[in-house]
Structure formats: structure tokens, C-alpha cells
$ cat protein29.cif   # mmCIF, C-alpha atoms
data_structure
#
loop_
_atom_site.label_atom_id
_atom_site.label_comp_id
_atom_site.auth_asym_id
_atom_site.auth_seq_id
_atom_site.Cartn_x
_atom_site.Cartn_y
_atom_site.Cartn_z
CA MET A 1 48.23 92.00 115.93
CA HIS A 2 51.79 93.35 115.84
CA THR A 3 53.82 92.90 112.67
CA GLN A 4 57.60 92.66 112.79
CA VAL A 5 59.39 95.45 110.90
CA ASP A 6 62.27 94.39 108.67
CA PRO A 7 65.34 96.43 109.67
CA LEU A 8 66.43 96.52 106.02
CA ASP A 9 63.37 98.65 105.25
CA GLN A 10 65.28 101.48 106.95
CA VAL A 11 67.89 101.50 104.14
CA PHE A 12 67.08 103.92 101.35
CA ALA A 13 70.36 103.88 99.36
CA PHE A 14 73.91 102.60 99.12
CA ARG A 15 77.05 104.33 97.93
CA ALA A 16 80.25 102.87 96.53
CA PHE A 17 83.52 104.72 97.07
CA ASP A 18 86.74 103.93 95.24
CA PHE A 19 90.13 105.65 95.40
CA ARG A 20 88.90 108.55 93.25
CA ASN A 21 85.25 108.60 94.33
CA ARG A 22 84.01 107.78 90.83
CA PHE A 23 80.52 106.71 91.93
CA PRO A 24 78.75 109.76 93.37
CA ALA A 25 75.19 108.60 92.65
CA PRO A 26 73.17 106.70 95.25
CA LEU A 27 72.57 103.07 94.37
CA PRO A 28 69.47 100.97 95.05
CA SER A 29 71.22 97.91 96.51
CA PHE A 30 74.40 96.55 97.99
CA ARG A 31 74.80 94.41 94.86
CA ALA A 32 74.77 97.52 92.64
CA ALA A 33 77.44 99.14 94.84
CA LEU A 34 79.54 95.97 94.79
CA GLU A 35 79.25 95.72 91.00
CA CYS A 36 80.44 99.34 90.69
CA LEU A 37 83.60 98.47 92.60
CA GLN A 38 84.07 95.34 90.47
CA SER A 39 83.64 97.28 87.22
CA GLU A 40 86.31 98.57 84.87
CA ASP A 41 85.31 102.11 85.94
CA ALA A 42 86.53 101.58 89.50
CA TYR A 43 89.93 103.06 90.31
CA LEU A 44 92.10 100.92 92.61
CA PRO A 45 89.23 99.23 94.46
CA ASP A 46 91.74 96.69 95.78
CA VAL A 47 93.51 99.53 97.61
CA ASP A 48 90.73 101.82 98.76
CA ALA A 49 87.05 100.92 98.64
CA GLU A 50 84.04 101.44 100.81
CA ILE A 51 80.33 100.70 100.59
CA ARG A 52 77.94 102.58 102.87
CA ALA A 53 74.28 101.94 103.58
CA TYR A 54 72.28 105.14 104.14
CA LEU A 55 69.30 104.95 106.46
CA LYS A 56 66.09 106.94 106.22
CA ASP A 57 66.81 108.62 109.58
CA GLY A 58 70.05 110.18 108.28
CA ARG A 59 72.50 107.67 109.73
CA SER A 60 74.85 105.57 107.66
CA ILE A 61 76.64 102.28 108.18
CA ALA A 62 79.94 101.31 106.59
CA ILE A 63 79.86 97.75 105.30
CA PRO A 64 83.08 96.03 106.47
CA ASN A 65 85.39 95.59 103.49
CA SER A 66 86.09 92.04 104.63
CA PHE A 67 82.84 91.17 102.82
CA PHE A 68 84.19 92.22 99.43
CA TRP A 69 87.99 92.04 99.76
CA VAL A 70 89.87 88.76 99.58
CA GLU A 71 93.46 88.29 100.75
CA HIS A 72 95.78 86.30 98.46
CA LYS A 73 99.31 85.06 99.06
CA GLN A 74 101.98 86.73 96.92
CA PHE A 75 103.66 83.37 96.28
CA GLY A 76 102.06 79.95 96.01
CA SER A 77 105.05 77.93 97.15
CA LEU A 78 108.37 78.16 98.94
CA ALA A 79 110.18 77.36 95.68
CA GLU A 80 108.40 80.24 93.93
CA ALA A 81 109.37 82.69 96.68
CA GLN A 82 113.00 81.47 96.67
CA SER A 83 113.16 81.85 92.90
CA TRP A 84 111.76 85.37 93.08
CA VAL A 85 114.23 86.45 95.80
CA GLN A 86 117.17 84.91 93.91
CA GLY A 87 116.10 86.58 90.67
CA ARG A 88 115.78 89.93 92.39
CA GLN A 89 119.21 89.56 93.96
CA ASP A 90 120.73 88.66 90.56
CA ARG A 91 119.13 91.71 88.89
CA ALA A 92 120.26 93.95 91.76
CA ALA A 93 123.86 92.73 91.42
CA THR A 94 124.04 93.39 87.68
CA GLY A 95 121.49 96.17 87.15
CA SER A 96 120.88 99.75 88.13
CA ALA A 97 120.15 101.23 91.55
CA LEU A 98 116.44 100.93 90.72
CA ASP A 99 116.85 97.19 90.16
CA ARG A 100 118.14 96.94 93.74
CA LEU A 101 114.93 98.56 95.03
CA SER A 102 112.65 96.36 92.95
CA GLY A 103 110.32 94.38 95.19
CA SER A 104 111.28 96.28 98.34
CA LEU A 105 107.61 96.44 99.31
CA ILE A 106 107.66 92.65 99.55
CA THR A 107 111.00 92.18 101.31
CA ASN A 108 113.93 94.26 102.49
CA PRO A 109 116.81 93.67 100.04
CA ASP A 110 119.31 94.17 102.90
CA ASP A 111 117.91 91.22 104.89
CA PRO A 112 119.55 87.78 104.65
CA PHE A 113 118.22 85.51 101.89
CA ASP A 114 116.27 83.23 104.28
CA GLN A 115 114.57 86.21 105.94
CA GLN A 116 113.60 87.61 102.53
CA VAL A 117 112.06 84.26 101.57
CA ARG A 118 110.08 84.15 104.86
CA ASP A 119 108.87 87.71 104.30
CA ALA A 120 107.93 86.92 100.69
CA MET A 121 105.93 83.87 101.82
CA ALA A 122 104.07 86.00 104.40
CA LYS A 123 103.24 88.79 101.94
CA THR A 124 99.61 89.05 100.85
CA PHE A 125 97.68 91.35 98.57
CA THR A 126 94.04 92.32 98.44
CA LYS A 127 91.65 91.76 95.55
CA MET A 128 87.97 92.40 95.08
CA VAL A 129 85.80 89.36 95.51
CA SER A 130 84.98 87.57 92.26
CA ASN A 131 81.70 88.36 90.51
CA ALA A 132 80.93 84.65 90.76
CA ASP A 133 80.71 85.06 94.54
CA ASN A 134 78.31 88.03 94.50
CA ASP A 135 75.22 86.03 95.49
CA ALA A 136 76.91 84.62 98.60
CA VAL A 137 78.45 88.00 99.48
CA CYS A 138 75.09 89.77 99.13
CA GLU A 139 73.38 87.20 101.35
CA SER A 140 76.08 87.57 104.01
CA VAL A 141 75.90 91.36 103.92
CA GLU A 142 72.11 91.27 104.16
CA ARG A 143 72.31 89.14 107.34
CA TRP A 144 75.06 91.34 108.81
CA LEU A 145 73.28 94.60 107.93
CA THR A 146 70.01 93.36 109.42
CA GLU A 147 71.80 92.72 112.72
CA ALA A 148 73.75 96.00 112.54
CA ILE A 149 70.60 98.07 112.00
CA ALA A 150 68.72 96.21 114.74
CA ALA A 151 71.60 96.94 117.14
CA LEU A 152 71.59 100.69 116.47
CA PRO A 153 70.17 102.94 119.17
CA THR A 154 66.80 104.37 118.23
CA SER A 155 66.76 107.95 117.03
CA ASN A 156 65.76 109.28 120.47
CA GLU A 157 68.56 107.38 122.28
CA THR A 158 71.97 108.90 122.85
CA GLY A 159 74.56 108.39 120.18
CA GLY A 160 75.75 110.15 117.06
CA PRO A 161 73.89 110.12 113.79
CA ASN A 162 76.57 107.99 112.08
CA ASP A 163 78.72 105.08 113.07
CA ASP A 164 82.02 106.83 112.37
#
$ encode --input "protein29.cif" --output "C-alpha cells"
Amino acid sequence: MHTQVDPLDQVFAFRAFDFRNRFPAPLPSFRAALECLQSEDAYLPDVDAEIRAYLKDGRSIAIPNSFFWVEHKQFGSLAEAQSWVQGRQDRAATGSALDRLSGSLITNPDDPFDQQVRDAMAKTFTKMVSNADNDAVCESVERWLTEAIAALPTSNETGGPNDD
């Protein structure tokens, strides 16, 4: 009788990486790594974050950040974007040179008003997934990681020790 081996049994630890690498210790689960990045101790996890699964054979797999990052629109409505662009233009006209540069990561202040509004509406920012969604995220990662491990070449096949 042949028993099926669970690919997840090959994982021995996870690591969470933030912008300043504040979590050097191995973690027992993806959930623990995710919670590290969601904690107050994490530094800019919305900008730079990674979770890796380490396998017993020395390989590692980066968990795609699309599992734990969520894209949000900068502005919820056209009226909100128009108001923001108009306010920025008013401050730039009456304020300092720095006021003119305010918001330049969202839109180019030299573009026409309508173009700035379109750019503002298209602008998104990244946030960590909410703690309330951790169960669903963990289930999705478990399914993905099972498939990713099963798709890896065996240790005696050609291919590097890591996926990067």
C-alpha cells in the first residue's frame, strides 16, 4: 500500500522580510510570517515585504506578495480627485516651491488639469491584507504552496537549489 506524501511536509520554516529585515528568526507557519508583517514592528511592509517558505532539502520558495498585498485606489470618486487637484493647484499658486511639488508622485503638476485628474483616478497604493482576511489568505497560500512544491524538480533533477 502506497501512501501519498503531503508536499507541505517538505516545509520546515517560513521567514518574513520587511524593509529593514526586522524578523530574522524562522517562523513555524505562513500565518506567523504574515502576522509579523501585519504587526506594529514591521517597517514599511506596504512598500517592501516578502515571505519565503524554506524546504528541508535546502530550497526556498517566495510566496507571491499578491497573496498579502491589496491594491487600493487613491481616490474614491471623480469629484474627490478633482477637488484634490484643484486644492493642490491653489496651494501651489499661493505657497512655496515645495507646495508646487506636493503630490507630484500622484500627478505631474505641469500636466493640464484634466490629465492630472485622470492620473489621480488611476493612482493606486498598496496595503497589507487585513487581519480579518488571514484565514482565507492562509488557505489560498496553502493550496498554492502545495502545487508549487509538487511542481518543483526533485533534488536529483537539473535546476538550481532555489527559485530565484
$ resolve_selection --input "protein29.cif" --expression "the PyMOL selection byres ((chain A and resi 105) around 12)" --output "PyMOL selection string"
chain A and resi 74+100-104+106-109+116+119-120+123-125
$ resolve_selection --input "protein29.cif" --expression "the PyMOL selection byres ((chain A and resi 30) around 12)" --output "PyMOL selection string"
chain A and resi 8+11-16+26-29+31-37+50-54+61-63+67-68+134-135+137-142+145
$ write_last_selection --input "protein29.cif" --atoms "C-alpha atoms" --output "mmCIF file, keeping the file's coordinate frame"
data_model
loop_
_atom_site.group_PDB
_atom_site.id
_atom_site.type_symbol
_atom_site.label_atom_id
_atom_site.label_comp_id
_atom_site.auth_asym_id
_atom_site.auth_seq_id
_atom_site.Cartn_x
_atom_site.Cartn_y
_atom_site.Cartn_z
ATOM 1 C CA LEU A 8 66.430 96.520 106.020
ATOM 2 C CA VAL A 11 67.890 101.500 104.140
ATOM 3 C CA PHE A 12 67.080 103.920 101.350
ATOM 4 C CA ALA A 13 70.360 103.880 99.360
ATOM 5 C CA PHE A 14 73.910 102.600 99.120
ATOM 6 C CA ARG A 15 77.050 104.330 97.930
ATOM 7 C CA ALA A 16 80.250 102.870 96.530
ATOM 8 C CA PRO A 26 73.170 106.700 95.250
ATOM 9 C CA LEU A 27 72.570 103.070 94.370
ATOM 10 C CA PRO A 28 69.470 100.970 95.050
ATOM 11 C CA SER A 29 71.220 97.910 96.510
ATOM 12 C CA ARG A 31 74.800 94.410 94.860
ATOM 13 C CA ALA A 32 74.770 97.520 92.640
ATOM 14 C CA ALA A 33 77.440 99.140 94.840
ATOM 15 C CA LEU A 34 79.540 95.970 94.790
ATOM 16 C CA GLU A 35 79.250 95.720 91.000
ATOM 17 C CA CYS A 36 80.440 99.340 90.690
ATOM 18 C CA LEU A 37 83.600 98.470 92.600
ATOM 19 C CA GLU A 50 84.040 101.440 100.810
ATOM 20 C CA ILE A 51 80.330 100.700 100.590
ATOM 21 C CA ARG A 52 77.940 102.580 102.870
ATOM 22 C CA ALA A 53 74.280 101.940 103.580
ATOM 23 C CA TYR A 54 72.280 105.140 104.140
ATOM 24 C CA ILE A 61 76.640 102.280 108.180
ATOM 25 C CA ALA A 62 79.940 101.310 106.590
ATOM 26 C CA ILE A 63 79.860 97.750 105.300
ATOM 27 C CA PHE A 67 82.840 91.170 102.820
ATOM 28 C CA PHE A 68 84.190 92.220 99.430
ATOM 29 C CA ASN A 134 78.310 88.030 94.500
ATOM 30 C CA ASP A 135 75.220 86.030 95.490
ATOM 31 C CA VAL A 137 78.450 88.000 99.480
ATOM 32 C CA CYS A 138 75.090 89.770 99.130
ATOM 33 C CA GLU A 139 73.380 87.200 101.350
ATOM 34 C CA SER A 140 76.080 87.570 104.010
ATOM 35 C CA VAL A 141 75.900 91.360 103.920
ATOM 36 C CA GLU A 142 72.110 91.270 104.160
ATOM 37 C CA LEU A 145 73.280 94.600 107.930
#
$ atom_distance --input "protein29.cif" --atom1 "atom CA of Ser96 of chain A" --atom2 "atom CA of Asp111 of chain A"
19.0 Å
$ residues_around --input "protein29.cif" --residues "Val117 of chain A" --least-positions-apart "4" --cutoff "7 Å" --atoms "only C-alpha atoms" --output "number ranges by chain"
A: 81-82, 85, 113, 121
$ write_last_selection --input "protein29.cif" --atoms "C-alpha atoms" --output "PDB file, keeping the file's coordinate frame"
ATOM      1  CA  ALA A  81     109.370  82.690  96.680  1.00  0.00           C
ATOM      2  CA  GLN A  82     113.000  81.470  96.670  1.00  0.00           C
ATOM      3  CA  VAL A  85     114.230  86.450  95.800  1.00  0.00           C
ATOM      4  CA  PHE A 113     118.220  85.510 101.890  1.00  0.00           C
ATOM      5  CA  MET A 121     105.930  83.870 101.820  1.00  0.00           C
TER       6      MET A 121
END
$ residues_around --input "protein29.cif" --residues "Val70 of chain A" --least-positions-apart "5" --cutoff "12 Å" --atoms "all atoms listed in the file" --output "PyMOL selection string"
chain A and resi 45-47+65+124-130+133+137
$ atom_distance --input "protein29.cif" --atom1 "atom CA of Pro7 of chain A" --atom2 "atom CA of Leu152 of chain A"
10.2 Å
$ atom_distance --input "protein29.cif" --atom1 "atom CA of Lys56 of chain A" --atom2 "atom CA of Ile149 of chain A"
11.5 Å
$ closest_residue --input "protein29.cif" --among "A:Leu78, A:Asp110, A:Arg22, A:Asp57" --to "Pro153 of chain A" --atoms "all atoms listed in the file"
A:Asp57
$ closest_residue --input "protein29.cif" --among "A:Phe17, A:Trp84, A:Trp144, A:Trp69" --to "Asp41 of chain A" --atoms "all atoms listed in the file"
A:Phe17
$ axis_aligned_box --input "protein29.cif" --around "segment 129-145 of chain A" --padding-each-side "4 Å" --output "AutoDock Vina command-line options"
--center_x 79.0 --center_y 89.6 --center_z 99.7 --size_x 21.7 --size_y 18.0 --size_z 26.3
$ resolve_selection --input "protein29.cif" --expression "the PyMOL selection byres ((chain A and resi 18) around 6)" --output "CSV table (one decimal) with C-alpha atoms, in the coordinates of the input"
chain,number,residue,atom,x,y,z
A,17,PHE,CA,83.5,104.7,97.1
A,19,PHE,CA,90.1,105.6,95.4
A,20,ARG,CA,88.9,108.6,93.2
A,21,ASN,CA,85.2,108.6,94.3
A,43,TYR,CA,89.9,103.1,90.3
A,45,PRO,CA,89.2,99.2,94.5
A,48,ASP,CA,90.7,101.8,98.8
A,49,ALA,CA,87.0,100.9,98.6
